[in-house]
$ cat input-v1.tsv   # TSV, C-alpha atoms
chain	number	residue	atom	x	y	z
A	154	MET	CA	76.99	109.35	79.12
A	155	HIS	CA	76.79	106.05	80.91
A	156	ASP	CA	74.06	105.05	83.35
A	157	ASP	CA	75.29	105.00	86.94
A	158	THR	CA	72.76	102.32	87.83
A	159	SER	CA	74.34	99.74	85.51
A	160	SER	CA	76.06	96.55	86.64
A	161	PRO	CA	79.12	95.53	84.62
A	162	SER	CA	80.21	92.69	86.80
A	163	GLY	CA	77.51	91.80	89.27
A	164	GLY	CA	78.00	92.20	93.02
A	165	ALA	CA	74.51	93.62	93.66
A	166	ALA	CA	71.13	92.08	94.17
A	167	ASP	CA	68.50	92.17	91.43
A	168	ASP	CA	66.59	94.97	93.18
A	169	GLY	CA	69.68	97.20	93.22
A	170	SER	CA	70.38	96.75	96.93
A	171	LEU	CA	73.60	95.35	98.33
A	172	GLU	CA	73.84	91.71	99.22
A	173	THR	CA	75.00	91.97	102.81
A	174	GLY	CA	73.40	93.36	105.97
A	175	ALA	CA	72.83	96.83	107.39
A	176	PRO	CA	75.67	99.21	108.23
A	177	GLY	CA	76.76	100.12	111.71
A	178	GLY	CA	78.91	103.24	111.47
A	179	SER	CA	75.87	105.31	112.34
A	180	THR	CA	74.33	102.83	114.80
A	181	PRO	CA	76.78	102.72	117.73
A	182	ASP	CA	74.05	101.59	120.13
A	183	SER	CA	73.30	98.38	118.23
A	184	PRO	CA	73.78	95.15	120.24
A	185	ALA	CA	76.76	94.16	118.11
A	186	GLY	CA	78.44	97.54	118.65
A	187	PRO	CA	79.53	100.10	116.06
A	188	ARG	CA	80.50	99.03	112.55
A	189	PHE	CA	81.56	100.85	109.41
A	190	ARG	CA	80.30	99.67	106.04
A	191	LEU	CA	82.01	100.55	102.77
A	192	ALA	CA	80.60	99.75	99.34
A	193	PHE	CA	83.10	99.65	96.47
A	194	VAL	CA	82.94	99.24	92.71
A	195	PRO	CA	84.65	96.38	90.85
A	196	GLY	CA	88.29	97.21	90.24
A	197	ALA	CA	88.64	99.47	93.28
A	198	THR	CA	91.12	98.20	95.87
A	199	PRO	CA	90.14	99.22	99.43
A	200	GLY	CA	92.29	96.51	101.00
A	201	LYS	CA	95.16	98.81	102.05
A	202	TRP	CA	92.73	101.14	103.82
A	203	ALA	CA	90.96	98.18	105.44
A	204	ARG	CA	94.28	97.00	106.92
A	205	VAL	CA	94.98	100.43	108.41
A	206	TRP	CA	91.44	100.57	109.81
A	207	GLU	CA	91.81	97.16	111.46
A	208	ALA	CA	95.07	98.22	113.08
A	209	ARG	CA	93.59	101.44	114.47
A	210	PHE	CA	90.10	100.22	115.34
A	211	PRO	CA	90.25	96.49	116.10
A	212	ASP	CA	86.91	96.71	117.95
A	213	VAL	CA	85.04	98.37	115.04
A	214	PRO	CA	84.59	95.98	112.10
A	215	LEU	CA	84.91	97.38	108.58
A	216	ASP	CA	82.44	95.61	106.28
A	217	LEU	CA	83.35	95.66	102.57
A	218	ALA	CA	80.46	95.27	100.12
A	219	PRO	CA	81.16	95.03	96.36
A	220	ALA	CA	78.60	96.81	94.21
A	221	ASP	CA	78.43	98.76	90.98
A	222	THR	CA	78.31	102.54	91.00
A	223	GLY	CA	74.52	102.88	90.79
A	224	PRO	CA	73.66	100.42	93.60
A	225	ALA	CA	76.60	101.72	95.70
A	226	VAL	CA	75.33	105.31	95.52
A	227	GLN	CA	71.80	104.12	96.27
A	228	SER	CA	73.02	102.23	99.34
A	229	VAL	CA	74.72	105.38	100.66
A	230	ARG	CA	71.59	107.47	100.09
A	231	ALA	CA	69.46	104.84	101.82
A	232	GLY	CA	71.80	104.60	104.80
A	233	GLU	CA	72.64	100.98	104.03
A	234	ALA	CA	76.33	101.90	103.64
A	235	ASP	CA	78.29	104.58	105.46
A	236	ALA	CA	80.41	105.41	102.38
A	237	ALA	CA	81.25	104.11	98.93
A	238	LEU	CA	84.10	104.05	96.44
A	239	VAL	CA	82.44	104.79	93.09
A	240	ARG	CA	83.28	105.82	89.55
A	241	LEU	CA	82.41	109.34	88.46
A	242	PRO	CA	80.29	110.96	87.17
A	243	ILE	CA	77.36	110.56	89.55
A	244	ASP	CA	74.49	112.70	90.78
A	245	ARG	CA	76.17	114.57	93.66
A	246	GLU	CA	73.05	116.06	95.24
A	247	GLY	CA	73.12	115.51	99.01
A	248	LEU	CA	76.51	113.80	98.87
A	249	HIS	CA	80.05	114.70	99.83
A	250	VAL	CA	82.46	113.63	97.06
A	251	ILE	CA	86.25	113.35	97.35
A	252	PRO	CA	87.96	112.41	94.04
A	253	LEU	CA	90.79	110.00	94.84
A	254	TYR	CA	92.49	109.01	91.58
A	255	THR	CA	91.90	108.58	87.86
A	256	GLU	CA	92.46	105.21	86.24
A	257	ALA	CA	94.24	104.64	82.97
A	258	THR	CA	92.10	103.47	80.04
A	259	VAL	CA	93.15	100.36	78.10
A	260	VAL	CA	91.98	98.50	75.00
A	261	VAL	CA	91.30	94.78	75.41
A	262	MET	CA	91.97	92.59	72.35
A	263	PRO	CA	92.85	89.00	71.39
A	264	LYS	CA	96.50	88.20	72.08
A	265	ASP	CA	97.13	87.54	68.38
A	266	HIS	CA	95.65	90.85	67.20
A	267	VAL	CA	97.91	93.02	65.04
A	268	LEU	CA	97.56	95.97	67.46
A	269	THR	CA	99.37	93.99	70.15
A	270	LEU	CA	102.58	94.89	68.31
A	271	ASP	CA	102.21	98.45	69.64
A	272	GLU	CA	103.09	99.33	73.22
A	273	SER	CA	100.27	101.88	73.37
A	274	LEU	CA	97.38	102.96	71.16
A	275	THR	CA	95.50	106.14	70.27
A	276	PRO	CA	91.89	106.58	69.11
A	277	ASP	CA	93.24	107.06	65.58
A	278	ASP	CA	94.70	103.52	65.74
A	279	LEU	CA	91.17	102.22	66.37
A	280	ALA	CA	89.52	104.08	63.49
A	281	ASP	CA	89.11	100.91	61.39
A	282	GLU	CA	88.35	98.57	64.30
A	283	ILE	CA	84.98	97.54	65.72
A	284	VAL	CA	85.00	98.80	69.31
A	285	HIS	CA	82.21	97.60	71.60
A	286	HIS	CA	80.59	100.08	73.96
A	287	PRO	CA	78.38	97.99	76.25
A	288	LEU	CA	75.26	99.46	77.79
A	289	ASP	CA	76.91	99.34	81.22
A	290	ASP	CA	80.08	101.09	80.01
A	291	VAL	CA	81.73	102.82	82.99
A	292	LEU	CA	83.70	105.19	80.73
A	293	ASP	CA	81.93	108.47	80.04
A	294	TRP	CA	82.72	108.82	76.33
A	295	ASN	CA	82.04	112.07	74.55
A	296	SER	CA	83.06	110.65	71.19
A	297	PRO	CA	83.72	106.87	71.35
A	298	PRO	CA	86.63	105.61	69.23
A	299	GLY	CA	86.40	103.01	66.50
A	300	ILE	CA	83.47	101.66	64.53
A	301	PRO	CA	80.47	100.94	66.76
A	302	SER	CA	79.19	97.39	66.78
A	303	TYR	CA	75.86	96.72	65.06
A	304	GLN	CA	74.24	96.06	68.42
A	305	ARG	CA	75.67	97.23	71.75
A	306	PRO	CA	76.36	94.36	74.18
A	307	GLU	CA	74.25	94.38	77.31
A	308	THR	CA	77.18	94.07	79.72
A	309	THR	CA	80.96	94.37	79.81
A	310	GLN	CA	81.11	90.62	80.30
A	311	ASP	CA	79.18	90.14	77.04
A	312	ALA	CA	81.57	92.52	75.25
A	313	LEU	CA	84.55	90.52	76.47
A	314	ASP	CA	82.93	87.33	75.23
A	315	LEU	CA	82.71	88.88	71.76
A	316	VAL	CA	86.33	90.03	71.90
A	317	LEU	CA	87.41	86.55	72.96
A	318	ALA	CA	85.54	85.19	69.94
A	319	GLY	CA	87.56	87.50	67.71
A	320	VAL	CA	84.80	90.07	67.16
A	321	GLY	CA	85.93	93.62	67.89
A	322	LEU	CA	87.73	95.27	70.81
A	323	VAL	CA	86.61	96.96	74.01
A	324	ALA	CA	88.00	99.85	76.09
A	325	LEU	CA	87.95	99.58	79.89
A	326	PRO	CA	89.57	101.09	82.99
A	327	GLN	CA	92.80	99.22	83.61
A	328	SER	CA	91.74	97.78	86.98
A	329	LEU	CA	88.53	96.43	85.48
A	330	ALA	CA	90.44	94.86	82.58
A	331	ARG	CA	92.67	93.09	85.10
A	332	LEU	CA	89.76	92.01	87.26
A	333	LEU	CA	87.84	90.56	84.30
A	334	HIS	CA	90.91	89.12	82.59
A	335	ARG	CA	90.31	86.19	80.24
A	336	LYS	CA	92.92	83.79	79.00
A	337	GLY	CA	93.64	84.66	75.40
A	338	LEU	CA	93.05	88.40	75.86
A	339	VAL	CA	95.58	91.19	76.42
A	340	HIS	CA	95.29	94.94	76.82
A	341	ARG	CA	97.26	98.00	75.74
A	342	PRO	CA	97.13	101.56	77.16
A	343	LEU	CA	94.95	103.99	75.24
A	344	GLU	CA	96.43	107.47	74.97
A	345	GLU	CA	95.17	110.66	73.39
A	346	ASP	CA	96.18	111.63	69.89
A	347	ALA	CA	98.95	114.18	69.77
A	348	ASN	CA	96.67	116.91	68.40
A	349	PRO	CA	93.01	116.03	68.97
A	350	VAL	CA	90.69	118.37	67.10
A	351	PRO	CA	86.93	118.92	67.26
A	352	ASP	CA	84.98	116.77	64.81
A	353	LEU	CA	82.95	119.21	62.72
A	354	VAL	CA	82.27	116.85	59.83
A	355	SER	CA	80.71	113.65	61.11
A	356	GLY	CA	77.00	113.45	61.64
A	357	PRO	CA	75.18	111.94	64.63
A	358	GLY	CA	75.03	108.54	62.94
A	359	ASP	CA	78.70	108.43	61.96
A	360	ALA	CA	81.42	106.62	63.87
A	361	GLY	CA	83.07	109.90	64.82
A	362	GLY	CA	80.09	111.07	66.86
A	363	ALA	CA	77.98	114.20	66.76
A	364	PRO	CA	79.30	117.50	65.39
A	365	GLY	CA	81.39	119.33	67.95
A	366	ASP	CA	82.58	116.15	69.72
A	367	ASP	CA	86.32	115.89	70.35
A	368	ARG	CA	87.79	113.10	68.30
A	369	GLY	CA	91.15	111.87	69.49
A	370	ARG	CA	90.31	112.36	73.15
A	371	ILE	CA	89.69	109.43	75.45
A	372	ALA	CA	87.46	108.88	78.46
A	373	HIS	CA	88.97	108.11	81.85
A	374	SER	CA	87.48	106.67	85.03
A	375	PRO	CA	87.85	108.89	88.13
A	376	VAL	CA	87.28	107.01	91.40
A	377	ALA	CA	85.86	108.93	94.35
A	378	LEU	CA	84.80	108.45	97.97
A	379	VAL	CA	81.19	109.50	98.62
A	380	TRP	CA	79.00	109.74	101.71
A	381	ARG	CA	75.85	111.57	102.74
A	382	GLU	CA	76.17	115.21	103.73
A	383	ASP	CA	74.03	114.65	106.83
A	384	ARG	CA	76.00	111.63	108.08
A	385	SER	CA	79.46	113.00	108.80
A	386	THR	CA	80.14	110.83	111.86
A	387	GLU	CA	83.37	110.41	113.80
A	388	LEU	CA	83.95	107.05	112.14
A	389	MET	CA	83.44	108.70	108.76
A	390	ASP	CA	86.04	111.32	109.68
A	391	GLU	CA	88.42	108.53	110.64
A	392	PHE	CA	87.98	106.74	107.34
A	393	ILE	CA	88.52	109.98	105.42
A	394	GLY	CA	91.73	110.47	107.37
A	395	ILE	CA	92.94	106.98	106.47
A	396	VAL	CA	92.15	107.50	102.79
A	397	ARG	CA	94.00	110.81	102.82
A	398	GLY	CA	97.00	109.28	104.55
A	399	ARG	CA	96.69	110.97	107.92
A	400	THR	CA	98.46	109.24	110.79
A	401	ALA	CA	96.87	108.07	114.04
A	402	ASN	CA	98.27	111.18	115.76
A	403	SER	CA	96.50	113.52	113.37
A	404	SER	CA	94.54	116.41	114.84
A	405	ARG	CA	91.34	115.05	113.28
A	406	GLY	CA	89.24	112.07	114.24
A	407	THR	CA	88.73	109.93	117.31
A	408	GLY	CA	91.83	107.87	116.67
A	409	GLY	CA	94.03	110.95	116.86
A	410	ARG	CA	92.28	112.17	120.02
A	411	ALA	CA	92.56	108.77	121.65
A	412	GLN	CA	96.24	108.50	120.80
A	413	ARG	CA	96.93	111.98	122.15
A	414	ALA	CA	95.02	111.14	125.33
A	415	ARG	CA	97.22	108.09	125.83
A	416	ASP	CA	100.31	110.14	125.16
A	417	ASP	CA	99.22	112.81	127.64
A	418	THR	CA	98.37	110.26	130.33
A	419	GLY	CA	101.53	108.26	129.96
A	420	GLY	CA	103.84	111.17	129.46
A	421	LYS	CA	102.91	113.63	132.23
A	422	GLY	CA	106.17	113.05	134.05
A	423	SER	CA	108.21	113.54	130.96
A	424	THR	CA	106.14	116.58	130.05
A	425	GLY	CA	106.78	118.04	133.50
A	426	GLY	CA	110.45	117.20	133.20
A	427	THR	CA	110.55	118.93	129.89
A	428	GLY	CA	108.94	121.93	131.51
A	429	SER	CA	111.53	121.93	134.27
A	430	ALA	CA	114.27	121.56	131.79
A	431	GLY	CA	112.75	124.41	129.86
A	432	ARG	CA	112.65	126.61	132.96
A	433	LYS	CA	116.20	125.66	133.83
A	434	LYS	CA	117.27	126.50	130.34
A	435	THR	CA	115.34	129.75	130.36
A	436	GLY	CA	116.62	130.84	133.75
A	437	GLY	CA	120.05	129.38	134.43
A	438	GLY	CA	120.90	128.80	130.81
A	439	LYS	CA	120.07	132.31	129.75
A	440	ALA	CA	121.75	133.80	132.78
A	441	ALA	CA	124.89	131.81	132.14
A	442	ALA	CA	124.77	132.67	128.50
A	443	GLY	CA	124.16	136.31	129.35
A	444	GLY	CA	127.00	136.37	131.88
A	445	ALA	CA	129.41	134.83	129.44
A	446	LYS	CA	128.32	137.19	126.75
A	447	SER	CA	128.21	140.45	128.74
A	448	GLY	CA	130.93	139.79	131.28
A	449	GLY	CA	133.33	137.62	129.37
A	450	GLY	CA	132.78	139.52	126.15
A	451	LYS	CA	133.51	142.90	127.73
A	452	ARG	CA	136.56	141.66	129.62
A	453	ALA	CA	137.92	140.24	126.40
A	454	THR	CA	137.88	143.72	124.83
A	455	GLY	CA	139.56	145.47	127.85
A	456	PRO	CA	143.13	145.23	129.18
A	457	ARG	CA	144.59	141.97	130.38
A	458	ARG	CA	143.72	140.81	133.86
A	459	GLY	CA	146.21	141.95	136.55
A	460	ARG	CA	147.36	145.19	134.88
A	461	PRO	CA	145.48	148.38	135.76
A	462	ALA	CA	144.32	150.37	132.81
A	463	GLY	CA	146.84	153.03	131.73
A	464	ARG	CA	149.88	151.60	133.56
A	465	PRO	CA	152.93	151.14	131.27
A	466	LYS	CA	154.88	147.93	131.03
A	467	ARG	CA	157.56	147.38	133.62
A	468	GLY	CA	161.09	147.50	132.28
A	469	ARG	CA	163.79	149.83	131.14
A	470	PRO	CA	162.56	153.22	129.95
A	471	ARG	CA	163.10	153.93	126.33
A	472	GLY	CA	166.22	155.87	125.43
A	473	ARG	CA	168.22	154.70	128.51
A	474	ARG	CA	171.10	152.32	128.33

$ encode --input "input-v1.tsv" --output "structure tokens"
Amino acid sequence: MHDDTSSPSGGAADDGSLETGAPGGSTPDSPAGPRFRLAFVPGATPGKWARVWEARFPDVPLDLAPADTGPAVQSVRAGEADAALVRLPIDREGLHVIPLYTEATVVVMPKDHVLTLDESLTPDDLADEIVHHPLDDVLDWNSPPGIPSYQRPETTQDALDLVLAGVGLVALPQSLARLLHRKGLVHRPLEEDANPVPDLVSGPGDAGGAPGDDRGRIAHSPVALVWREDRSTELMDEFIGIVRGRTANSSRGTGGRAQRARDDTGGKGSTGGTGSAGRKKTGGGKAAAGGAKSGGGKRATGPRRGRPAGRPKRGRPRGRR
């Protein structure tokens, strides 16, 4: 189980707080006006949501603050950030948590390593390899693959330095491997063994992990949006809507209400016209349709127009020459 307060790549102050100023999503009366502050872990990509926010709320700045999971969660609890994109698991007490996606896990290795010949790897492929598991590992391993290093590196950066020097490998979420990419290193996807089975043989000090751990299974990195349960503001609702892909006309949030208000104000004439058209269709249209159906339909089934019912055709009677 990794420690949520760790810092694999910096981005937070030494005391665990974020480096930039106070949030504003919950302080609309501040002199600078309302703001929304989002903390995010390294590897997360909030840029697409930030662009949508800017388009919908040009007068409400969205402040992005990079931080690791522990400091990001602390900043949300302290009210220093309105929300955070973090890696699970975390302590969820007092927090709303929306899981967003799960990242692929990759193995980082030197570009001339023999395992680079494979397009993907499994934990079984790493059985004879030294695999570093730094103290700030963001992957929640139940049974780490490979042979553990003699001493665990302090940080992910330290682990990558060792890999670059040709000592061992390291497993990371794919986005983090890309963010911390070093020249001379490559990564390959790590996939589960075809038939992972519980390890009932290895002891606690063995590479396979403690008895009962699942060997052959890999750890993933779920990314989630978190915010305090007691701070569900309108701006928070708007950001949730953006993350979930709701449009500006959605029934939730201030943006949707504002857009509908503009539509209602600008479209009263057209709405009235539609109503008139509806009434015309309901009255005249139905009457016309009813007349055509009842009158025309019945006449079509009766005798031809101009000949009284029961009158025979004019002409020579049958049997007469």

$ closest_residue --input "input-v1.tsv" --among "A:Pro224, A:Gly200, A:Pro301, A:Gly398" --to "A:Leu253" --atoms "all atoms listed in the file"
A:Gly398

$ closest_residue --input "input-v1.tsv" --among "A:Arg384, A:Arg204, A:His286, A:Arg331" --to "A:Ala257" --atoms "all atoms listed in the file"
A:Arg331

$ atom_distance --input "input-v1.tsv" --atom1 "atom CA of A:Ser296" --atom2 "atom CA of A:Pro342"
17.8 Å

$ axis_aligned_box --input "input-v1.tsv" --around "stretch 241-260 of chain A" --padding-each-side "5 Å" --output "lines of an AutoDock Vina configuration file"
center_x = 83.6
center_y = 107.3
center_z = 87.4
size_x = 31.2
size_y = 27.6
size_z = 34.8

$ atom_distance --input "input-v1.tsv" --atom1 "atom CA of A:Thr222" --atom2 "atom CA of A:Asp346"
29.1 Å

$ closest_residue --input "input-v1.tsv" --among "A:Leu248, A:Leu325, A:Leu270, A:Val260" --to "A:Asp383" --atoms "all atoms listed in the file"
A:Leu248

$ residues_around --input "input-v1.tsv" --residues "A:Phe392" --least-positions-apart "3" --cutoff "9 Å" --atoms "all atoms listed in the file" --output "MDAnalysis selection string"
chainID A and resid 189 202 206 387:389 395:397 406

$ atom_distance --input "input-v1.tsv" --atom1 "atom CA of A:Arg341" --atom2 "atom CA of A:His373"
14.4 Å
